[in-house]
Each structure stands twice: as structure tokens, then as C-alpha cells.
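Visitor: The following block contains the structure, expressed as C-alpha cells.
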Amino acid sequence: MAGKSGQQPAGSGHVPEEPMLWPFAAARLAMDACFWWLERGPVEQGDDELPWTTPGTVALELTTMRLRDCSRTRSGQPALVCAPYALHRALLADFVPGHSVVQSLQHGGIDRIYLTDWRSATPDMRYLSIDSYLGDLNVAIDEIGAPVDLVGLCQGGWLSLIYAARFPAKVRRLVLAGAPVDLSVESRLSQLARNAPEMVYDQLVVRGGGNVSGEEMLRVWSKTPDRDDIAAALQKDLSDEEGAVLLARFDRWNNEPLNLPGTYYLQIVNWIFRENRIATGHFTALGRRIDLKDVKAPVFLLAGLDDDVVPAAQALATAGLLGTPPAFVAASSEPSNHLGLFMGAGTHMRAWPRIAEWLRSDLSGVLARSA
């Protein structure tokens, strides 16, 4: 969600977040007090899209995604970074050196890395559902070779978690970074889920011809994040020449929106954010009810202490829903807002090297001590 924080009054200095509040953006049409990200209008997409930071190839072309292969070797344990499918491109996970999840994992010794590059929805994709994305994720993992290490970023986190519960034998370890799972834990997101009128979501899909238009989202919420906002998100001083380049790239990334299938969008709004089905055990994925206690793989939870979208308490509460033994749950709480968990320089200096080390570590000793 790849989520955005609640919108603050102009001049508040609040840092804009990655577009993870998109399920509730439509409520702004009916509720002047609703929260939303600070954005500006769209630009046309096409061949001039921003290039990737990490060299790679397209390993698989699927309806929902291009599976990017950023591997440096053909052997070893594979890791799949599941980017959020929430208005913005998966470049969120590979922004620039020093701000790239893919490169931080590589520098930490993870040599086989793949990334879900979600496609912008076209008219013939309007009926794609959450099952469609889970099905293609399953095809991608079979192509890579299970079991994989799944690294889920925000809404890519809940998708990864559902997948791990549906196919537990195919996931070796699971990283959930700023992932909204239990919406009963108080946050702006959960408040808005309870209060926003349902009809505005349906109308947004109707106006998009069955899809949710990323361009409409950017037109309606057209406040541009300023230098301080972006500096806080990237956790970097942007006053020099390098900073100017980063500002321009961030602005371009912000203005390359993705359309979302209407069916997928409404399922997420209603099933996950309004009804909290994942956390309460009422979510059905590919024909089977999901029980998070079936997830017994080692889990690493990454939370932001300044995260308004997925507060640290919510991100860390996921551990109590899983079947993973406490000894196999690792966690890190960073002085970061939501977007900074994926793009912040400080987070990439501290948390992501630790995550890479954890993915490479031998946990047999932990098992012996916990026995």
C-alpha cells in the first residue's frame, strides 16, 4: 500500500507516507475531515518511467505482475520482496542506492532476490480479486523454487502473511515491514475504517470504469510534499546537489500512479480494513479459510516509532496472532515514519542489515535453547 499517512494541515511539517491509506482516500469526497497523503497531480506513464536502481531481468510475465530477478547467483536461498500494490510503483523497494531494500539485502549477503513489480490495472483487469494476486504470487514462488523467504512491505505484508498461512510449506522465513494486519489496534487507519461511508468506495470504482484510477487519486489530493517532508521520509539532508537529484526522483516516483482493479480494491476495503477478517480468522484465500496459527515459520517484524499509518503497536501485535514460537520472532522498532521503513537512509543503515543477517542466520541454536 506501493501508503500514506493522514493528511495534516498545510505547514504542519508532517511527513507524507507511502500510499497505504488508499482504501480510504475515496471517503474524502464525503468527509472533509478525512485523512490523506500530501500529493500532486499526475503525469503520463510510459517509456519514460523511472529506471530501476538494481540491475535485473524479468523472470516471469504474469497478469498481475512482472517478476523481477535481481539475483547475483543461481544458487542459494531465494528471497522474494513483495512490494505493496497500493497506488505507487514497486520502485519503492529499489529507490536509489542507500534507500533500496533490494540493495540492502544484497549488501547483507542475500544473493538471490526477486521483486513483485505489480502492473497498473487495465480495463480487462477490473474483476481481478485478492485470489488473483495470491494465485500469481504462488506461480511466481513455484517459478523461483520453494521454500522462499518472503519480505512483505506494508500491504505486501498482509498479502505475504496470507500466502504463508495458505501455503506454509512454501515459506521458510517471513519479514513483515510496516504491515497492517490487525486493524482493531487503534490507528488513524482503523478509525477511518470504522467511520468512512461505504458508498464512496463503490462510486470511486464506478467512476473508474470498474478500476480505481491512480490519476484521479492524484488529482483529488494534489498537495505537493515539500522538501522537509521528503527529507524526513528519506532520512537525509537534501540541501546539496545530491539532494536535488533525490528530490526530483522522488517527485517523479510520486507522479507515476498505478490503477487498481475495482474488485480487488473493494475486497481489501471491506474484508481487511473494515471487517478485519485476517486478524479474526474469517478470511478465505483460494478456497480455504486462513488460520494465522498455521504460520509457524520464523518471523521478523519491522515497525516505525513515528508511523501514523501502521503504528508500532499494531505492527508488533501481529506476533501474537501467529503460530510461530516466541523464540523465533524477531523485531525492530525504528525512529521512522511509514515510508522511511522502506526508503529511509537511517533504516537502511540499521534495520535492513539486521534483517539480512537474520535471514542468513542459523536458527538451530535458538530451537535448541527453546526446547
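Chain lettering (A, B, ...) mirrors the order of the C-alpha cells, residue numbering begins at 1 for each chain separately, and ligand numbering begins at 1 in order of display.
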At a cut-off of 6 Å, can you tabulate as a tab-separated table every residue of range 120-167 of chain A near range 171-176 of chain A together with its closest atom pair and the distance in Å to one decimal, using only C-alpha atoms and ordering rows by chain then number?
Guide:
residue	atom	partner	partner_atom	distance
A:Pro147	CA	A:Val171	CA	4.8
A:Val148	CA	A:Val171	CA	5.1
A:Asp149	CA	A:Arg173	CA	4.8
A:Leu150	CA	A:Leu174	CA	5.0
A:Val151	CA	A:Val175	CA	4.6
A:Gly152	CA	A:Leu176	CA	5.0
A:Gly157	CA	A:Leu176	CA	5.2
A:Ala164	CA	A:Val171	CA	5.9
Visitor: I need the helix (DSSP H, G or I) residues of range 40-95 of chain A per DSSP on the backbone, written as a PyMOL selection string.
Guide: chain A and resi 90-93
Visitor: Determine, for each residue of range 107-209 of chain A having at least one atom at most 9 Å from an atom of range 272-283 of chain A, the closest pair of atoms and their separation in Å to one decimal, counting only C-alpha atoms; order by chain and ascending number, as a tab-separated table.
Guide:
residue	atom	partner	partner_atom	distance
A:Trp158	CA	A:Ile278	CA	8.3
A:Ile162	CA	A:Ile278	CA	7.7
A:Pro180	CA	A:Phe273	CA	8.8
A:Val181	CA	A:Ala279	CA	6.2
A:Asp182	CA	A:Ala279	CA	5.0
A:Leu183	CA	A:Asn276	CA	5.9
A:Ser184	CA	A:Asn276	CA	7.3
A:Leu189	CA	A:Phe273	CA	7.9
A:Ser190	CA	A:Phe273	CA	7.1
A:Leu192	CA	A:Arg274	CA	8.9
A:Ala193	CA	A:Arg274	CA	5.1
A:Arg194	CA	A:Arg274	CA	6.4
Visitor: Residues within 10 Å of Val310 in chain A, please, as an MDAnalysis selection string. Count only C-alpha atoms; anything in the same chain fewer than 3 positions from it doesn't count.
Guide: chainID A and resid 3:5 20:21 154 177:183 185:190 303:307 313:316 337:338
Visitor: Of the residues A:Asp142, A:Asp111, A:Asp94, A:Asp308, which is the one nearest to Leu359 in chain A, using only C-alpha atoms?
Guide: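 Nearest to Leu359 in chain A: A:Asp111.
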Visitor: Go through range 216-334 of chain A and flag each residue having an atom no more than 10 Å from range 67-85 of chain A; for those, report the closest pair of atoms plus their distance in Å to one decimal, using only C-alpha atoms, ordered by chain and rising number, as a Markdown table.
Guide:
| residue | atom | partner | partner_atom | distance |
| --- | --- | --- | --- | --- |
| A:Leu258 | CA | A:Tyr85 | CA | 8.3 |
| A:Asn259 | CA | A:Tyr85 | CA | 9.5 |
| A:Leu260 | CA | A:Tyr85 | CA | 8.0 |
Visitor: Give me a file of those residues, with N, CA and C atoms, as a PDB file, in the first residue's frame.
Guide:
ATOM      1  N   LEU A 258      -0.427   3.951 -10.111  1.00  0.00           N
ATOM      2  CA  LEU A 258      -0.978   2.728 -10.678  1.00  0.00           C
ATOM      3  C   LEU A 258      -2.489   2.715 -10.488  1.00  0.00           C
ATOM      4  N   ASN A 259      -3.209   2.182 -11.476  1.00  0.00           N
ATOM      5  CA  ASN A 259      -4.628   1.914 -11.308  1.00  0.00           C
ATOM      6  C   ASN A 259      -4.787   0.571 -10.593  1.00  0.00           C
ATOM      7  N   LEU A 260      -5.891   0.425  -9.867  1.00  0.00           N
ATOM      8  CA  LEU A 260      -6.153  -0.790  -9.105  1.00  0.00           C
ATOM      9  C   LEU A 260      -7.450  -1.432  -9.577  1.00  0.00           C
TER      10      LEU A 260
END
Visitor: How far is it from CA of Thr64 in chain A to CA of Asp202 in chain A, in Å with one decimal?
Guide: 21.9 Å
Visitor: Using only C-alpha atoms, which protein or nucleic acid residues come within 8 Å of Ser332 in chain A? Drop anything in the same chain fewer than 3 positions from it, and give the result as a list in words.
Guide: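 Near neighbours after the sequence-gap exclusion: Phe300, Leu301, Leu302, Ala303 and Ala351 of chain A.
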Visitor: For those residues, write C-alpha atoms to a file as a CSV table (one decimal), in the first residue's frame.
Guide:
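The resulting again00.csv:
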chain,number,residue,atom,x,y,z
A,300,PHE,CA,10.8,-10.7,11.7
A,301,LEU,CA,8.6,-7.7,12.4
A,302,LEU,CA,9.8,-4.1,11.4
A,303,ALA,CA,7.9,-1.2,12.9
A,351,ALA,CA,17.3,-2.4,10.4
Visitor: Can you pull out every residue within 8 Å of Val329 in chain A, counting only C-alpha atoms, but drop anything in the same chain fewer than 2 positions away, and send it as a PDB file with N, CA, C and O atoms, in the first residue's frame?
Guide:
ATOM      1  N   PRO A 298       9.782 -18.795  11.157  1.00  0.00           N
ATOM      2  CA  PRO A 298      10.382 -17.645  11.834  1.00  0.00           C
ATOM      3  C   PRO A 298       9.934 -16.335  11.182  1.00  0.00           C
ATOM      4  O   PRO A 298       9.826 -16.247   9.960  1.00  0.00           O
ATOM      5  N   VAL A 299       9.683 -15.331  12.011  1.00  0.00           N
ATOM      6  CA  VAL A 299       9.131 -14.066  11.544  1.00  0.00           C
ATOM      7  C   VAL A 299       9.957 -12.905  12.088  1.00  0.00           C
ATOM      8  O   VAL A 299      10.355 -12.917  13.258  1.00  0.00           O
ATOM      9  N   PHE A 300      10.205 -11.923  11.235  1.00  0.00           N
ATOM     10  CA  PHE A 300      10.846 -10.674  11.651  1.00  0.00           C
ATOM     11  C   PHE A 300       9.854  -9.541  11.414  1.00  0.00           C
ATOM     12  O   PHE A 300       9.365  -9.360  10.298  1.00  0.00           O
ATOM     13  N   LEU A 301       9.556  -8.764  12.452  1.00  0.00           N
ATOM     14  CA  LEU A 301       8.619  -7.652  12.366  1.00  0.00           C
ATOM     15  C   LEU A 301       9.384  -6.336  12.445  1.00  0.00           C
ATOM     16  O   LEU A 301      10.160  -6.113  13.383  1.00  0.00           O
ATOM     17  N   ALA A 319       2.631 -10.596  16.002  1.00  0.00           N
ATOM     18  CA  ALA A 319       3.310 -11.769  16.575  1.00  0.00           C
ATOM     19  C   ALA A 319       2.359 -12.628  17.393  1.00  0.00           C
ATOM     20  O   ALA A 319       2.446 -13.862  17.360  1.00  0.00           O
ATOM     21  N   THR A 324       3.952 -19.068  15.179  1.00  0.00           N
ATOM     22  CA  THR A 324       5.403 -19.053  15.326  1.00  0.00           C
ATOM     23  C   THR A 324       5.771 -19.006  16.799  1.00  0.00           C
ATOM     24  O   THR A 324       5.287 -18.133  17.536  1.00  0.00           O
ATOM     25  N   PRO A 325       6.623 -19.918  17.280  1.00  0.00           N
ATOM     26  CA  PRO A 325       7.053 -19.865  18.686  1.00  0.00           C
ATOM     27  C   PRO A 325       7.730 -18.529  18.983  1.00  0.00           C
ATOM     28  O   PRO A 325       8.445 -17.981  18.131  1.00  0.00           O
ATOM     29  N   PRO A 326       7.514 -17.965  20.165  1.00  0.00           N
ATOM     30  CA  PRO A 326       8.106 -16.660  20.508  1.00  0.00           C
ATOM     31  C   PRO A 326       9.606 -16.600  20.287  1.00  0.00           C
ATOM     32  O   PRO A 326      10.139 -15.540  19.923  1.00  0.00           O
ATOM     33  N   ALA A 327      10.313 -17.699  20.484  1.00  0.00           N
ATOM     34  CA  ALA A 327      11.769 -17.706  20.314  1.00  0.00           C
ATOM     35  C   ALA A 327      12.171 -17.448  18.867  1.00  0.00           C
ATOM     36  O   ALA A 327      13.316 -17.064  18.599  1.00  0.00           O
ATOM     37  N   ALA A 331      12.238  -8.694  16.128  1.00  0.00           N
ATOM     38  CA  ALA A 331      11.564  -7.433  15.860  1.00  0.00           C
ATOM     39  C   ALA A 331      12.541  -6.277  15.984  1.00  0.00           C
ATOM     40  O   ALA A 331      13.538  -6.348  16.710  1.00  0.00           O
TER      41      ALA A 331
END
Visitor: Looking at A:Pro197, A:Pro123, A:Gly340, A:Pro55, which one is nearest to Gln106 in chain A, with distances taken over only C-alpha atoms?
Guide: A:Pro55
Visitor: Find the residue from A:Ile268, A:Leu341, A:Ile355, A:Leu322 that sits nearest to Ala93 in chain A; use only C-alpha atoms when measuring.
Guide: A:Leu341
Visitor: Record the distance separating CA of Glu241 in chain A and CA of Ser336 in chain A, expressed in Å with one decimal.
Guide: 24.2 Å
Visitor: Given the choices A:Ser160, A:Gln155, A:Asn254, A:Thr263, which gets closest to Leu204 in chain A if the distance is worked out from only C-alpha atoms?
Guide: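 Checking each candidate against Leu204 in chain A, we get A:Thr263 as the closest.
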Visitor: Mind the document's chain letters and residue numbers, and return as a list in words the residues of range 86-296 of chain A that DSSP labels strand (DSSP E).
Guide: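 Taking range 86-296 of chain A and keeping strand (DSSP E) gives Arg112, Ile113, Tyr114, Leu115, Thr116, Asp117, Trp118, Val148, Asp149, Leu150, Val151, Gly152, Leu153, Val171, Arg172, Arg173, Leu174, Val175, Leu176, Ala177, Asn211, Val212, Leu260, Pro261, Thr284, Ala285, Arg288 and Arg289 of chain A.
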Visitor: Quick one: distance from CA of Gly344 in chain A to CA of His99 in chain A in Å, one decimal?
Guide: 5.9 Å
Visitor: Write out as an MDAnalysis selection string which residues come within 9 Å of Pro257 in chain A when counting only C-alpha atoms, dropping same-chain ones fewer than 3 positions away.
Guide: chainID A and resid 42:43 45 86:89 120 213:215 217:218 253:254
Visitor: Pick from A:Ala244, A:Ser100, A:Lys296, A:Leu115: nearest to Ala345 in chain A, with only C-alpha atoms counted?
Guide: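 Of all the options, A:Ser100 lies closest to Ala345 in chain A.
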